[in-house]
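Q: Data: target29.cif, mmCIF, C-alpha atoms and all ligand atoms.
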data_data
#
loop_
_atom_site.label_atom_id
_atom_site.label_comp_id
_atom_site.auth_asym_id
_atom_site.auth_seq_id
_atom_site.Cartn_x
_atom_site.Cartn_y
_atom_site.Cartn_z
CA MET P 1 6.37 -13.80 45.29
CA LYS P 2 3.37 -11.51 44.81
CA LYS P 3 1.13 -12.65 41.96
CA LYS P 4 1.19 -10.36 38.92
CA VAL P 5 -1.61 -10.49 36.37
CA ALA P 6 -0.94 -8.86 33.00
CA LEU P 7 -3.82 -7.74 30.81
CA ILE P 8 -2.38 -7.44 27.29
CA ALA P 9 -4.59 -5.62 24.79
CA GLY P 10 -3.47 -6.61 21.28
CA VAL P 11 -2.01 -9.94 22.41
CA GLY P 12 -1.72 -11.31 18.85
CA GLY P 13 0.57 -8.59 17.53
CA THR P 14 4.34 -8.42 17.12
CA CYS P 15 4.77 -6.63 20.44
CA GLY P 16 1.89 -8.20 22.42
CA ALA P 17 2.45 -11.84 21.44
CA ASN P 18 6.16 -11.73 22.19
CA LEU P 19 5.39 -10.01 25.51
CA ALA P 20 2.94 -12.76 26.52
CA GLU P 21 5.48 -15.45 25.64
CA MET P 22 8.23 -13.67 27.55
CA LEU P 23 6.11 -13.15 30.69
CA LEU P 24 5.14 -16.82 30.79
CA ALA P 25 8.53 -18.26 29.77
CA ASP P 26 9.76 -18.32 33.36
CA ALA P 27 7.12 -19.46 35.87
CA SER P 28 9.25 -18.22 38.76
CA GLU P 29 8.49 -14.65 37.64
CA GLY P 30 4.91 -15.26 38.80
CA TRP P 31 2.99 -13.74 35.86
CA GLN P 32 -0.46 -14.71 34.64
CA VAL P 33 -1.63 -13.36 31.30
CA ILE P 34 -5.08 -12.35 30.10
CA GLY P 35 -4.96 -11.42 26.42
CA LEU P 36 -7.39 -9.46 24.27
CA SER P 37 -7.70 -9.40 20.49
CA ARG P 38 -10.43 -10.18 17.97
CA THR P 39 -8.81 -13.41 16.79
CA ARG P 40 -7.17 -16.05 18.96
CA PRO P 41 -3.41 -15.85 18.37
CA GLU P 42 -1.20 -18.90 17.97
CA LEU P 43 1.21 -18.58 20.87
CA LYS P 44 3.87 -20.86 22.34
CA VAL P 45 2.24 -20.39 25.77
CA ASP P 46 -1.25 -20.84 27.23
CA ILE P 47 -2.98 -17.61 28.05
CA ASP P 48 -6.48 -16.69 29.12
CA HIS P 49 -7.54 -15.29 25.73
CA ARG P 50 -10.73 -13.28 25.51
CA PRO P 51 -11.92 -12.48 21.97
CA VAL P 52 -13.22 -8.94 21.86
CA ASP P 53 -13.48 -6.13 19.33
CA LEU P 54 -12.27 -3.18 21.36
CA LEU P 55 -13.76 -0.78 18.83
CA ASP P 56 -17.19 -1.94 19.87
CA PRO P 57 -18.17 -0.60 23.33
CA SER P 58 -20.86 -3.27 23.78
CA GLN P 59 -18.31 -6.05 23.13
CA CYS P 60 -16.02 -4.39 25.68
CA GLU P 61 -18.84 -4.53 28.21
CA THR P 62 -19.64 -8.19 27.58
CA GLY P 63 -16.29 -9.62 26.40
CA LEU P 64 -13.76 -8.43 28.96
CA GLY P 65 -15.06 -10.71 31.72
CA ASP P 66 -13.62 -10.79 35.22
CA LEU P 67 -10.55 -8.56 35.43
CA SER P 68 -10.53 -8.09 39.21
CA ALA P 69 -7.09 -9.67 39.70
CA VAL P 70 -5.31 -7.64 36.99
CA THR P 71 -2.29 -5.75 38.31
CA HIS P 72 -0.67 -4.53 35.08
CA ILE P 73 -2.21 -3.33 31.82
CA PHE P 74 -0.08 -3.46 28.67
CA TRP P 75 -1.72 -1.66 25.75
CA THR P 76 -0.26 -3.00 22.48
CA ALA P 77 -3.31 -2.96 20.20
CA LEU P 78 -3.15 -1.29 16.81
CA LEU P 79 -5.68 -0.78 14.05
CA ASN P 80 -4.65 0.43 10.61
CA GLY P 81 -6.73 3.20 9.04
CA LYS P 82 -6.97 4.08 5.37
CA THR P 83 -5.63 7.53 6.21
CA ARG P 84 -3.57 8.79 9.13
CA GLU P 85 -6.60 10.77 10.30
CA GLU P 86 -8.81 7.67 10.27
CA GLU P 87 -6.07 5.67 12.03
CA ASN P 88 -5.89 8.35 14.72
CA GLN P 89 -9.66 8.30 15.25
CA LEU P 90 -9.95 4.50 15.34
CA ASN P 91 -7.08 3.95 17.74
CA ALA P 92 -8.07 6.78 20.07
CA ARG P 93 -11.64 5.45 20.18
CA MET P 94 -10.49 1.88 20.76
CA PHE P 95 -8.33 2.99 23.69
CA VAL P 96 -11.14 4.99 25.34
CA ASN P 97 -13.56 2.03 24.94
CA PHE P 98 -11.02 -0.26 26.55
CA MET P 99 -10.10 2.00 29.47
CA ASP P 100 -13.74 2.86 30.21
CA ALA P 101 -14.73 -0.81 30.30
CA ALA P 102 -11.59 -2.27 31.92
CA LEU P 103 -10.71 0.13 34.73
CA PRO P 104 -13.93 -0.23 36.77
CA ARG P 105 -13.47 -4.03 36.73
CA ILE P 106 -9.97 -4.00 38.21
CA ASP P 107 -9.49 -3.96 41.98
CA ALA P 108 -5.73 -3.87 42.40
CA LEU P 109 -4.29 -2.07 39.40
CA GLU P 110 -0.66 -1.07 39.83
CA HIS P 111 0.37 0.13 36.39
CA VAL P 112 -0.80 1.02 32.88
CA HIS P 113 1.83 0.74 30.14
CA VAL P 114 0.84 2.20 26.79
CA LEU P 115 3.13 1.20 23.93
CA GLU P 116 3.84 4.08 21.57
CA GLY P 117 6.56 4.47 18.92
CA VAL P 118 8.75 7.00 17.18
CA LYS P 119 5.74 8.18 15.18
CA GLN P 120 5.29 10.26 18.35
CA TYR P 121 8.05 12.47 16.93
CA GLY P 122 6.67 12.37 13.37
CA TYR P 123 9.49 10.13 12.09
CA ASP P 124 7.19 8.90 9.32
CA LEU P 125 6.24 12.38 8.13
CA GLY P 126 9.59 13.70 6.92
CA PRO P 127 12.87 14.94 8.36
CA TYR P 128 12.59 15.50 12.11
CA LYS P 129 14.96 16.45 14.92
CA THR P 130 17.42 13.61 15.46
CA PRO P 131 18.28 11.96 17.71
CA CYS P 132 14.78 12.36 19.12
CA ARG P 133 14.46 12.81 22.87
CA GLU P 134 11.48 12.03 25.06
CA ASP P 135 10.86 15.72 25.76
CA ASP P 136 10.76 16.66 22.07
CA PRO P 137 7.40 17.98 20.86
CA ALA P 138 4.99 15.62 19.12
CA GLY P 139 5.18 15.45 15.32
CA GLN P 140 2.58 17.49 13.45
CA PRO P 141 -0.07 16.44 12.78
CA PRO P 142 0.16 14.32 15.95
CA TYR P 143 -0.29 10.55 15.92
CA PHE P 144 -2.95 8.91 18.13
CA TYR P 145 -0.40 8.32 20.90
CA VAL P 146 -0.97 11.91 22.01
CA ASP P 147 -4.71 11.31 22.54
CA GLN P 148 -4.10 7.95 24.22
CA HIS P 149 -1.62 9.55 26.60
CA ALA P 150 -3.97 12.41 27.45
CA TYR P 151 -6.71 9.88 28.22
CA THR P 152 -4.34 7.83 30.40
CA LEU P 153 -3.56 10.95 32.46
CA LYS P 154 -7.27 11.74 32.74
CA CYS P 155 -8.05 8.22 33.98
CA GLN P 156 -5.14 8.34 36.42
CA GLN P 157 -6.49 11.38 38.26
CA GLY P 158 -7.26 10.35 41.85
CA ALA P 159 -6.08 6.77 41.22
CA ASP P 160 -3.06 5.14 42.82
CA TRP P 161 -1.65 3.36 39.76
CA GLY P 162 1.28 4.58 37.70
CA TRP P 163 1.71 4.83 33.94
CA SER P 164 4.66 4.48 31.59
CA THR P 165 5.21 4.38 27.88
CA THR P 166 7.94 3.09 25.59
CA ARG P 167 8.66 4.41 22.08
CA PRO P 168 10.38 1.88 19.82
CA GLY P 169 11.42 2.17 16.18
CA ALA P 170 11.08 -0.81 13.81
CA VAL P 171 10.34 -3.67 16.22
CA CYS P 172 12.34 -6.75 15.23
CA GLY P 173 10.90 -10.19 15.93
CA TYR P 174 8.43 -12.69 14.52
CA SER P 175 4.74 -12.17 13.90
CA TYR P 176 2.28 -13.66 11.44
CA GLY P 177 -0.28 -11.30 9.95
CA GLY P 178 1.25 -8.27 11.70
CA ARG P 179 0.75 -4.89 10.07
CA ILE P 180 4.35 -3.79 10.68
CA ASN P 181 7.27 -6.21 10.64
CA LEU P 182 10.70 -5.36 9.28
CA MET P 183 12.27 -8.77 9.96
CA THR P 184 9.66 -10.91 8.23
CA VAL P 185 9.81 -8.49 5.27
CA LEU P 186 13.60 -8.88 5.03
CA ALA P 187 13.48 -12.66 5.52
CA ALA P 188 10.74 -13.32 2.97
CA TYR P 189 12.20 -10.86 0.43
CA ALA P 190 15.69 -12.42 0.66
CA THR P 191 14.24 -15.92 0.43
CA ILE P 192 12.25 -15.05 -2.72
CA MET P 193 15.17 -13.24 -4.40
CA LYS P 194 17.50 -16.13 -3.65
CA GLU P 195 15.03 -18.59 -5.12
CA LEU P 196 14.79 -16.39 -8.25
CA GLY P 197 18.58 -16.47 -8.52
CA GLU P 198 18.69 -12.68 -8.13
CA PRO P 199 20.98 -10.63 -5.91
CA LEU P 200 19.52 -8.91 -2.85
CA TYR P 201 18.69 -5.55 -4.44
CA PHE P 202 17.78 -2.77 -2.01
CA PRO P 203 14.13 -2.16 -2.95
CA GLY P 204 13.95 1.40 -1.61
CA ASP P 205 15.60 4.53 -2.93
CA GLU P 206 19.20 5.72 -2.94
CA ALA P 207 18.66 8.36 -0.22
CA THR P 208 17.07 5.84 2.17
CA PHE P 209 19.92 3.42 1.42
CA ASN P 210 22.39 6.02 2.70
CA ALA P 211 20.38 7.53 5.57
CA LEU P 212 20.97 6.70 9.22
CA THR P 213 18.44 4.47 10.93
CA PHE P 214 18.01 2.15 13.91
CA ALA P 215 15.99 -0.82 15.15
CA THR P 216 14.42 -2.20 18.32
CA ASP P 217 14.72 -5.87 19.20
CA VAL P 218 11.34 -7.14 20.40
CA GLY P 219 12.90 -8.92 23.39
CA LEU P 220 14.67 -5.75 24.49
CA LEU P 221 11.42 -3.81 24.02
CA ASN P 222 9.40 -6.32 26.04
CA ARG P 223 11.96 -6.34 28.84
CA MET P 224 11.91 -2.54 28.89
CA MET P 225 8.10 -2.52 29.00
CA VAL P 226 8.13 -4.81 32.03
CA TRP P 227 10.92 -2.83 33.69
CA ALA P 228 9.06 0.45 33.13
CA SER P 229 5.90 -1.13 34.58
CA THR P 230 7.51 -2.56 37.70
CA ASP P 231 10.52 -0.40 38.67
CA PRO P 232 9.29 2.53 40.81
CA ARG P 233 12.00 4.74 39.30
CA ALA P 234 10.29 4.46 35.91
CA ALA P 235 6.75 5.32 37.04
CA ASN P 236 4.95 8.06 35.13
CA GLN P 237 7.66 8.38 32.50
CA ALA P 238 8.09 7.94 28.74
CA PHE P 239 11.15 6.13 27.39
CA ASN P 240 12.60 5.77 23.92
CA ALA P 241 13.29 2.10 23.23
CA ALA P 242 15.99 1.00 20.79
CA ASN P 243 19.00 -1.26 20.50
CA GLY P 244 21.37 1.60 21.30
CA ASP P 245 23.26 1.67 17.99
CA HIS P 246 22.42 3.12 14.57
CA PHE P 247 23.20 1.86 11.08
CA ARG P 248 22.85 2.75 7.41
CA TRP P 249 21.21 0.29 5.03
CA CYS P 250 24.17 0.71 2.65
CA HIS P 251 26.34 -0.93 5.33
CA MET P 252 23.77 -3.35 6.75
CA TRP P 253 22.61 -4.58 3.33
CA PRO P 254 25.74 -6.59 2.38
CA ALA P 255 25.71 -8.10 5.89
CA ILE P 256 22.08 -9.21 5.44
CA ALA P 257 22.88 -10.67 2.01
CA ALA P 258 25.73 -12.64 3.62
CA MET P 259 23.28 -13.94 6.27
CA PHE P 260 21.33 -15.47 3.36
CA ASP P 261 24.48 -16.60 1.56
CA MET P 262 23.66 -14.53 -1.51
CA PRO P 263 25.20 -11.54 -3.27
CA ALA P 264 24.05 -8.04 -2.31
CA GLY P 265 22.70 -5.99 -5.17
CA PRO P 266 22.67 -2.24 -5.54
CA VAL P 267 19.56 -0.08 -5.17
CA ARG P 268 16.77 -1.24 -7.50
CA THR P 269 13.69 0.74 -6.52
CA THR P 270 10.78 -1.70 -6.51
CA ARG P 271 7.27 -1.52 -5.10
CA LEU P 272 7.22 -4.74 -3.11
CA THR P 273 3.41 -4.78 -2.93
CA GLU P 274 3.40 -5.09 -6.74
CA PHE P 275 6.49 -7.29 -7.01
CA MET P 276 5.15 -9.79 -4.46
CA ALA P 277 1.57 -9.80 -5.79
CA ASP P 278 2.16 -12.90 -7.98
CA LYS P 279 4.84 -14.60 -5.85
CA GLY P 280 2.42 -16.58 -3.64
CA PRO P 281 2.83 -19.83 -5.66
CA LEU P 282 6.63 -19.43 -5.60
CA TRP P 283 6.48 -19.03 -1.80
CA GLN P 284 4.38 -22.19 -1.55
CA SER P 285 6.91 -24.10 -3.69
CA ILE P 286 9.72 -22.93 -1.38
CA ILE P 287 7.70 -24.19 1.61
CA GLU P 288 7.23 -27.60 -0.02
CA LYS P 289 10.83 -27.86 -1.20
CA HIS P 290 12.24 -27.16 2.27
CA GLY P 291 9.48 -28.65 4.43
CA LEU P 292 8.68 -25.32 6.08
CA GLU P 293 5.74 -24.35 8.27
CA LYS P 294 2.69 -23.48 6.18
CA THR P 295 2.45 -19.70 5.79
CA GLU P 296 1.04 -17.32 3.20
CA LEU P 297 3.40 -14.82 1.59
CA GLN P 298 0.88 -11.98 1.96
CA LYS P 299 0.47 -12.68 5.69
CA ILE P 300 4.00 -13.43 6.75
CA ALA P 301 5.32 -10.09 5.51
CA PRO P 302 3.44 -6.76 5.37
CA TRP P 303 4.55 -5.55 1.91
CA GLY P 304 2.64 -2.28 2.27
CA TYR P 305 4.79 -1.44 5.29
CA ALA P 306 7.91 -2.45 3.31
CA ASP P 307 7.01 0.13 0.66
CA THR P 308 7.05 2.86 3.30
CA VAL P 309 9.99 1.82 5.47
CA PHE P 310 12.44 1.65 2.54
CA ARG P 311 11.35 5.10 1.38
CA ARG P 312 12.21 7.22 4.41
CA TYR P 313 15.06 9.15 2.88
CA TRP P 314 15.79 11.20 6.01
CA ASP P 315 17.91 10.24 9.03
CA ASN P 316 16.23 8.30 11.84
CA GLY P 317 17.91 8.73 15.17
CA ILE P 318 16.86 8.13 18.74
CA SER P 319 18.40 8.82 22.12
CA THR P 320 18.07 6.02 24.66
CA VAL P 321 20.02 7.87 27.33
CA LYS P 322 16.96 8.55 29.50
CA ALA P 323 16.12 4.87 30.04
CA ASN P 324 19.78 4.20 30.77
CA GLN P 325 19.87 6.95 33.40
CA PHE P 326 16.67 5.63 35.01
CA GLY P 327 18.10 2.11 35.29
CA PHE P 328 17.43 0.15 32.06
CA THR P 329 20.91 -0.40 30.66
CA GLU P 330 20.47 -3.23 28.13
CA MET P 331 21.88 -2.68 24.63
CA ILE P 332 21.93 -4.94 21.57
CA ASP P 333 24.18 -4.86 18.50
CA SER P 334 21.81 -4.56 15.52
CA TYR P 335 24.00 -6.66 13.19
CA GLN P 336 24.08 -9.51 15.73
CA MET P 337 20.33 -9.10 16.31
CA MET P 338 19.58 -9.53 12.59
CA GLN P 339 21.64 -12.74 12.42
CA ARG P 340 20.03 -14.10 15.62
CA ILE P 341 16.48 -13.37 14.46
CA PHE P 342 17.03 -14.93 11.01
CA ASP P 343 18.49 -17.97 12.81
CA GLU P 344 15.33 -18.07 14.99
CA PHE P 345 13.14 -17.92 11.87
CA ARG P 346 15.13 -20.85 10.43
CA ALA P 347 14.76 -22.81 13.67
CA GLN P 348 11.00 -22.08 13.58
CA ARG P 349 11.04 -23.40 9.98
CA VAL P 350 9.46 -20.26 8.52
CA ILE P 351 12.38 -19.72 6.12
CA PRO P 352 14.89 -22.24 4.75
N1 LIG P 401 5.79 -3.39 15.00
C1 LIG P 401 6.60 -2.34 14.95
O1 LIG P 401 7.64 -2.35 14.23
C2 LIG P 401 6.30 -1.10 15.77
C3 LIG P 401 7.23 -0.05 15.75
C4 LIG P 401 6.99 1.08 16.52
C5 LIG P 401 5.84 1.19 17.25
N2 LIG P 401 4.93 0.18 17.23
C6 LIG P 401 3.70 0.37 17.99
O2 LIG P 401 3.47 -0.74 18.84
C7 LIG P 401 2.05 -0.94 18.99
C8 LIG P 401 1.74 -2.40 18.62
O3 LIG P 401 2.18 -2.62 17.29
P1 LIG P 401 2.30 -4.09 16.66
O4 LIG P 401 3.17 -3.97 15.47
O5 LIG P 401 2.61 -5.08 17.73
O6 LIG P 401 0.79 -4.30 16.17
P2 LIG P 401 0.19 -5.56 15.35
O7 LIG P 401 1.21 -6.59 15.13
O8 LIG P 401 -0.53 -5.01 14.18
O9 LIG P 401 -0.87 -6.13 16.42
C9 LIG P 401 -2.00 -5.41 16.77
C10 LIG P 401 -2.82 -6.21 17.74
O10 LIG P 401 -4.02 -5.44 18.03
C11 LIG P 401 -5.15 -6.32 17.90
N3 LIG P 401 -6.29 -5.53 17.48
C12 LIG P 401 -6.42 -4.75 16.38
N4 LIG P 401 -7.65 -4.24 16.31
C13 LIG P 401 -8.32 -4.71 17.40
C14 LIG P 401 -9.64 -4.56 17.87
N5 LIG P 401 -10.54 -3.81 17.20
N6 LIG P 401 -10.00 -5.17 19.01
C15 LIG P 401 -9.11 -5.96 19.67
N7 LIG P 401 -7.84 -6.13 19.29
C16 LIG P 401 -7.46 -5.52 18.15
C17 LIG P 401 -4.72 -7.31 16.81
O11 LIG P 401 -5.45 -8.52 16.87
P3 LIG P 401 -6.77 -8.79 15.99
O12 LIG P 401 -6.52 -8.24 14.62
O13 LIG P 401 -6.93 -10.29 16.07
O14 LIG P 401 -7.87 -8.09 16.69
C18 LIG P 401 -3.28 -7.56 17.23
O15 LIG P 401 -3.26 -8.51 18.27
C19 LIG P 401 1.38 0.11 18.07
O16 LIG P 401 1.06 1.27 18.80
C20 LIG P 401 2.48 0.44 17.09
O17 LIG P 401 2.32 1.73 16.52
C21 LIG P 401 5.13 -0.97 16.52
#
For this file, write the structure as structure tokens.
A:
Amino acid sequence: MKKKVALIAGVGGTCGANLAEMLLADASEGWQVIGLSRTRPELKVDIDHRPVDLLDPSQCETGLGDLSAVTHIFWTALLNGKTREEENQLNARMFVNFMDAALPRIDALEHVHVLEGVKQYGYDLGPYKTPCREDDPAGQPPYFYVDQHAYTLKCQQGADWGWSTTRPGAVCGYSYGGRINLMTVLAAYATIMKELGEPLYFPGDEATFNALTFATDVGLLNRMMVWASTDPRAANQAFNAANGDHFRWCHMWPAIAAMFDMPAGPVRTTRLTEFMADKGPLWQSIIEKHGLEKTELQKIAPWGYADTVFRRYWDNGISTVKANQFGFTEMIDSYQMMQRIFDEFRAQRVIP
């Protein structure tokens, strides 16, 4: 089998870390992984990690090292900005720094996959056209994905590599210190409420409780990213990436409460950043009581993200028909996914 070398930018994140672990889980697939991020991630697999701040062009020049054998780039890095405008500038700049420094060092590049998301369609800005399709216009004002894509096309001119992009919704899987993670938010929130002897109130608002939404299992996303990067049918295309079903929190919420063996509460609008601010010691006592892995409450779950995701009162809907027509046919039931991921968190000893 031909050797494939993945260069994952953002290898410590929810999407990048799980991708690295998936690529290396089966040696017969023949992947090697070089990973970039500022801090060394704790992974279940050994990768060639290179610490580099991709915002700093001089670190890109000195820190990337030998990339000559890289065949596939997976861009999964993300930097939060204080405002959307700042976030756009930072992430666009980081991508240009990376591409300018990496591409000249690679001899046999086959593919560049740039991970995007449904913010492409402005799903975070207010009601948008649902279900969103890949050929829908970008949300206004656009997110940095638009600039990153334009730069990918510019770099591709005259080159013989292909590009692809996937656009997930809330990516469901484990990460520690991630900036966006629905599943660790749900797991830590339910664990705290159970310990307090409270029902599982929905912390968002009534409209969000009743609106349609959807999720993207991280394994499905990673498999789609690899498929899009290696199947010639998918070259130079963008694909929405989701489980294939939709749900409403008002229906999912009692099911999640049952997964934690606790009663579901009604809507009780709560700012989780404020509610969780003093719950660190309680989290530590839960860890000691149940012999869990040592984690910090403020790092295991991004409460700032929780305060946005439970306040999107409009419908979220996505069409995954295009990927299906091009050959990626996997679907996942979101209820079963939630149960499986909470079971994985329990097996990892991050929740009781
Ligand atoms: N997670 C989701 O639910 C979700 C949903 C839809 C779309 N997406 C999209 O998927 C992409 C990845 O998201 P994610 O949630 O996986 O991100 P994440 O968990 O926040 O991870 C981001 C990664 O980028 C690295 N990074 C940040 N700044 C860096 C810098 N200056 N230099 C080098 N590395 C840097 C981080 O490591 P260090 O901090 O150690 O540098 C980390 O490894 C983003 O485009 C995001 O919008 C995510």
Q: Around ligand LIG 401 (chain P), out to 8 Å and counting only C-alpha atoms and all ligand atoms, which residues are there? I want them as number ranges by chain.
A: P: 9-17, 36-41, 51-56, 75-80, 94, 115-119, 145, 167-172, 175, 177-182, 216
Q: P:His72, P:Lys299, P:Arg223, P:Lys129: which is nearest His111 of chain P, counting only C-alpha atoms?
A: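 When distances to His111 of chain P are compared using only C-alpha atoms, the smallest one comes from P:His72.
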Q: Which residues are near Trp227 of chain P? Cut-off 9 Å, only C-alpha atoms, ignore same chain within fewer than 6 positions. Put them as a list of chain:residue names.
A: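 The filter keeps P:Ala234, P:Gly327, P:Phe328.
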Q: Rank nothing, just name the residue among P:Thr130, P:Thr269, P:Asn88, P:Gln339 nearest to Asp217 of chain P, using all atoms listed in the file.
A: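 Smallest separation from Asp217 of chain P among the options: P:Gln339.
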Q: When you draw a straight line from atom CA of Arg105 of chain P to atom CA of Cys155 of chain P, how long is it in Å?
A: 13.7 Å
Q: Between P:Leu125, P:Leu221, P:Leu24, P:Val350, which one has atoms that come closest to Ile287 of chain P, using all atoms listed in the file?
A: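 Going through P:Leu125, P:Leu221, P:Leu24, P:Val350 one by one, the smallest distance to Ile287 of chain P is for P:Val350.
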Q: Which value, in Å to one decimal, gives the distance between atom CA of Ala323 of chain P and atom CA of Glu344 of chain P?
A: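 Atom-to-atom, atom CA of Ala323 of chain P to atom CA of Glu344 of chain P, that is 27.4 Å.
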Q: In Å, rounded to a single decimal, give me how far atom CA of Leu297 of chain P is from atom CA of Lys279 of chain P.
A: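 Atom CA of Leu297 of chain P lies at a distance of 7.6 Å from atom CA of Lys279 of chain P.
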Q: Would you mind telling me which residue in P:Tyr174, P:Gly162, P:Trp249, P:Lys82 lies nearest to Asp231 of chain P when using only C-alpha atoms?
A: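 Comparing P:Tyr174, P:Gly162, P:Trp249, P:Lys82 against Asp231 of chain P, the winner is P:Gly162.
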Q: Find the residue from P:Thr208, P:Gln284, P:Thr191, P:Gln237 that sits nearest to Phe260 of chain P; use all atoms listed in the file when measuring.
A: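 Comparing P:Thr208, P:Gln284, P:Thr191, P:Gln237 against Phe260 of chain P, the winner is P:Thr191.
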Q: For Thr230 of chain P, which residue among P:Tyr313, P:Phe214, P:Phe74, P:Trp283 is the nearest when counting only C-alpha atoms?
A: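 Smallest distance to Thr230 of chain P is found for P:Phe74.
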Q: Near Phe95 of chain P, counting all atoms listed in the file, which residues have an atom at most 8 Å away, once you skip same-chain residues fewer than 3 positions from it, shown as an MDAnalysis selection string?
A: chainID P and resid 54 91:92 98:99 148
Q: How big is the axis-aligned box around all listed atoms of segment 169-187 of chain P once 3 Å goes on each side, and where's its centre, in Å to one decimal, as AutoDock Vina command-line options?
A:
--center_x 6.7 --center_y -5.7 --center_z 10.6 --size_x 19.9 --size_y 21.8 --size_z 17.2
Q: Could you make a table, as CSV, of the residues of segment 149-246 of chain P that have an atom within 12 Å of an atom of segment 2-6 of chain P, each with its nearest atom pair and distance in Å to one decimal, counting all atoms listed in the file, in chain and number order?
A:
residue,atom,partner,partner_atom,distance
P:Met225,CA,P:Ala6,CA,11.7
P:Val226,CA,P:Ala6,CA,10.0
P:Ser229,CA,P:Ala6,CA,10.4
P:Thr230,CA,P:Lys4,CA,10.1
